[in-house]
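*Asks:* There's a structure below that I have some questions on.
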Amino acid sequence: MPVIRNIELYVPKQEWNWAFVRQTRCMAFLYSRLLPKLKTVDYKGIQILCLENMEEKQKLDVYDHLMFDYFPVFVLTDVRRFFELSDADKKREAAAIVHEGMKIAAEKLGWDTAVFDGISQEMKDLSYQNIYPLMKKSSPNRKYVCRIMCHHEVHGIDVYMELAKRNGRVIKSEKLFSSDYTDEQSLLQAGWSLVWRLNHKVEFSNDTHQKIWRLTFLEKEKPEELVWRMQREG
């Protein structure tokens, strides 16, 4: 049976849809990441259509607006007001829209709605911060773990290189670049490479190796004396 893995928001007004989907994607993806395994007979995702009024629902062309293999739900949304909010408030509003849509889907598909209340609370506990690993790899001597971390925001995704000890203690983190795309798939499927060259040297590169970030570090007895040198090629 298919498992629900993704939540997509959609606005029937095309002049609003691209910007709305882009600015709500960080919360739609965070909610998706926190979902348990929800099995259905026919669907692989949930499509939340954000309408100004329910009269719009009657006018929708199924073939133009509904996603194949996605279960559709309809939520009243003041999209114009959404665009006037601060980024922090946009996160809270987007999370509320997704939660409302998922509760509707839960009732129609026979899922326990309490599960989704738990997800909503977890998002609040995270302060609506959607941070997740792009990839990670241990050093040859197994003393360190290098993680490439995505900080998913309203208007883009910031990518960091994070170095940690095996016990999980983070030694240092440095921002590498920002992507203007908020669709996480543009990063997750880009064929990145993370390679340790030595116990204290690690490289991160894109699929063509035209862009390379090379970290050389050395721990000292005092944390503030850490040697940390990041070089970029390309």
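Within each chain, counting starts at residue 1; across the structure tokens, chains are named A, B, ... in the order shown, with ligands numbered 1 upward in that order.
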Kindly assemble as a Markdown table a list of the segment 137-223 of chain A residues that lie within 9 Å of segment 82-103 of chain A, each paired with its nearest atom pair and their distance in Å to one decimal, using only C-alpha atoms, sorted first by chain and then by ascending residue number.

*Replies:*
```
| residue | atom | partner | partner_atom | distance |
| --- | --- | --- | --- | --- |
| A:Glu153 | CA | A:Asp87 | CA | 8.4 |
| A:Val154 | CA | A:Asp87 | CA | 6.3 |
| A:His155 | CA | A:Asp87 | CA | 8.5 |
```

*Asks:* Enumerate, as an MDAnalysis selection string, the complete set of residues in segment 79-217 of chain A that a backbone-based DSSP assignment places in strand (DSSP E or B).

*Replies:* chainID A and resid 130:138 144:152 157:165 170:179 193:198 201:205 212:217

*Asks:* Tell me, as an MDAnalysis selection string, which residues lie within 10 Å of Leu109 of chain A, counting only C-alpha atoms; anything in the same chain fewer than 5 positions away does not count.

*Replies:* chainID A and resid 38:40 71 103:104

*Asks:* Using only C-alpha atoms, which residues sit within 12 Å of Ile212 of chain A once same-chain residues fewer than 4 positions away are excluded, as a list in words?

*Replies:*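 Neighbouring residues, sequence-local ones excluded: Leu176, Phe177, Trp192, Ser193, Leu194, Val195, Val202, Glu203, Phe204, Ser205, Asn206, Asp207, Thr208, Met230, Gln231, Arg232, Glu233 and Gly234 of chain A.
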
*Asks:* Excluding segment 25-37 of chain A and residues on its chain fewer than 6 positions from it, collect all residues at most 9 Å away from it, counting only C-alpha atoms, and give them as a compact mmCIF listing (two decimals) with N, CA, C and O atoms, in the first residue's frame.

*Replies:*
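Written file, selection10.txt:
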```txt
# COMPACT_ATOMS: atom_id res chain seq x y z
N VAL A 3 2.34 4.91 0.89
CA VAL A 3 2.51 5.65 2.15
C VAL A 3 2.52 7.13 1.83
O VAL A 3 3.16 7.57 0.88
N ILE A 4 1.79 7.91 2.62
CA ILE A 4 1.77 9.36 2.43
C ILE A 4 3.14 9.93 2.78
O ILE A 4 3.60 9.82 3.91
N ARG A 5 3.80 10.54 1.81
CA ARG A 5 5.14 11.06 2.02
C ARG A 5 5.25 12.57 1.80
O ARG A 5 6.27 13.16 2.16
N ASN A 6 4.22 13.17 1.24
CA ASN A 6 4.36 14.57 0.88
C ASN A 6 3.04 15.31 1.02
O ASN A 6 1.97 14.74 0.84
N ILE A 7 3.15 16.60 1.34
CA ILE A 7 2.00 17.49 1.42
C ILE A 7 2.27 18.65 0.48
O ILE A 7 3.33 19.28 0.55
N GLU A 8 1.33 18.94 -0.39
CA GLU A 8 1.49 20.05 -1.34
C GLU A 8 0.35 21.05 -1.13
O GLU A 8 -0.82 20.66 -1.07
N LEU A 9 0.70 22.33 -1.06
CA LEU A 9 -0.30 23.38 -1.00
C LEU A 9 -0.52 23.94 -2.41
O LEU A 9 0.39 23.89 -3.25
N LYS A 91 5.40 31.52 8.72
CA LYS A 91 5.64 30.14 9.15
C LYS A 91 4.49 29.63 10.01
O LYS A 91 3.98 28.52 9.81
N ARG A 92 4.07 30.45 10.98
CA ARG A 92 2.98 30.03 11.85
C ARG A 92 1.67 29.85 11.07
O ARG A 92 0.94 28.88 11.30
N ALA A 94 1.35 29.25 7.78
CA ALA A 94 1.47 28.09 6.89
C ALA A 94 1.31 26.79 7.67
O ALA A 94 0.65 25.85 7.21
N ALA A 95 1.92 26.72 8.85
CA ALA A 95 1.78 25.52 9.68
C ALA A 95 0.33 25.29 10.06
O ALA A 95 -0.15 24.14 10.08
N VAL A 98 -1.59 23.93 6.96
CA VAL A 98 -1.27 22.52 6.73
C VAL A 98 -1.96 21.64 7.77
O VAL A 98 -2.53 20.60 7.45
N HIS A 99 -1.91 22.09 9.03
CA HIS A 99 -2.52 21.29 10.10
C HIS A 99 -4.03 21.16 9.88
O HIS A 99 -4.59 20.07 10.04
N VAL A 115 -2.86 12.14 16.33
CA VAL A 115 -1.50 12.07 15.78
C VAL A 115 -1.09 13.43 15.20
O VAL A 115 0.03 13.90 15.39
N PHE A 116 -2.02 14.08 14.54
CA PHE A 116 -1.72 15.34 13.87
C PHE A 116 -1.65 16.50 14.86
O PHE A 116 -0.89 17.45 14.67
N ILE A 119 1.83 16.35 15.99
CA ILE A 119 2.76 16.94 15.01
C ILE A 119 2.73 18.46 15.10
O ILE A 119 3.78 19.12 15.09
N SER A 120 1.54 19.03 15.22
CA SER A 120 1.41 20.48 15.33
C SER A 120 2.15 20.99 16.56
O SER A 120 2.85 22.02 16.50
N GLU A 122 4.67 19.52 18.06
CA GLU A 122 6.11 19.34 17.84
C GLU A 122 6.68 20.48 17.00
O GLU A 122 7.79 20.96 17.25
N MET A 123 5.93 20.93 16.01
CA MET A 123 6.38 22.07 15.20
C MET A 123 6.50 23.33 16.05
O MET A 123 7.44 24.12 15.89
N TYR A 128 9.12 26.30 14.79
CA TYR A 128 8.91 26.30 13.34
C TYR A 128 10.22 26.36 12.56
O TYR A 128 10.26 26.89 11.45
N GLN A 129 11.28 25.78 13.15
CA GLN A 129 12.56 25.71 12.47
C GLN A 129 12.68 24.36 11.76
O GLN A 129 12.65 23.31 12.40
N ASN A 130 12.79 24.40 10.44
CA ASN A 130 12.90 23.18 9.65
C ASN A 130 14.37 22.97 9.27
O ASN A 130 14.85 23.52 8.28
N ILE A 131 15.06 22.19 10.06
CA ILE A 131 16.49 21.93 9.87
C ILE A 131 16.69 20.43 9.71
O ILE A 131 16.24 19.64 10.55
N HIS A 152 15.77 25.40 6.28
CA HIS A 152 14.72 25.70 5.30
C HIS A 152 13.90 26.88 5.78
O HIS A 152 13.22 26.81 6.81
N GLU A 153 13.95 27.98 5.02
CA GLU A 153 13.27 29.21 5.41
C GLU A 153 12.17 29.58 4.41
O GLU A 153 11.94 28.86 3.44
N VAL A 154 11.52 30.69 4.67
CA VAL A 154 10.39 31.12 3.84
C VAL A 154 10.82 31.43 2.41
O VAL A 154 10.14 31.09 1.45
N HIS A 155 11.99 32.07 2.26
CA HIS A 155 12.41 32.53 0.95
C HIS A 155 13.61 31.77 0.38
O HIS A 155 14.15 32.16 -0.66
N GLY A 156 14.03 30.71 1.01
CA GLY A 156 15.17 29.96 0.49
C GLY A 156 15.64 28.91 1.49
O GLY A 156 15.04 28.71 2.55
N ILE A 157 16.74 28.25 1.12
CA ILE A 157 17.34 27.23 1.98
C ILE A 157 18.81 27.58 2.17
O ILE A 157 19.56 27.72 1.20
N THR A 182 12.90 27.06 -2.76
CA THR A 182 12.42 26.50 -1.49
C THR A 182 11.93 25.07 -1.65
O THR A 182 11.58 24.44 -0.66
N ASP A 183 11.91 24.57 -2.87
CA ASP A 183 11.58 23.16 -3.09
C ASP A 183 12.82 22.34 -2.72
O ASP A 183 13.84 22.39 -3.41
N GLU A 184 12.73 21.60 -1.65
CA GLU A 184 13.88 20.86 -1.12
C GLU A 184 14.44 19.86 -2.12
O GLU A 184 15.62 19.50 -2.05
```

*Asks:* In Å to one decimal, how far is atom CA of Gly168 of chain A from atom CA of Leu215 of chain A?

*Replies:* 18.8 Å

*Asks:* Give the answer as one residue: which of A:His65, A:Arg229, A:His200, A:Lys59 has the shortest atom-to-atom distance to Val11 of chain A, using only C-alpha atoms?

*Replies:* A:His65

*Asks:* Among segment 54-146 of chain A, which ones does DSSP place in helix (DSSP H, G or I), written as a ChimeraX atom specification?

*Replies:* /A:55-59,62-65,79-83,87-109,113-125

*Asks:* Residues at most 7 Å from Val227 of chain A, counting only C-alpha atoms, excluding those fewer than 6 positions away in the same chain, as a ChimeraX atom specification?

*Replies:* /A:217-219
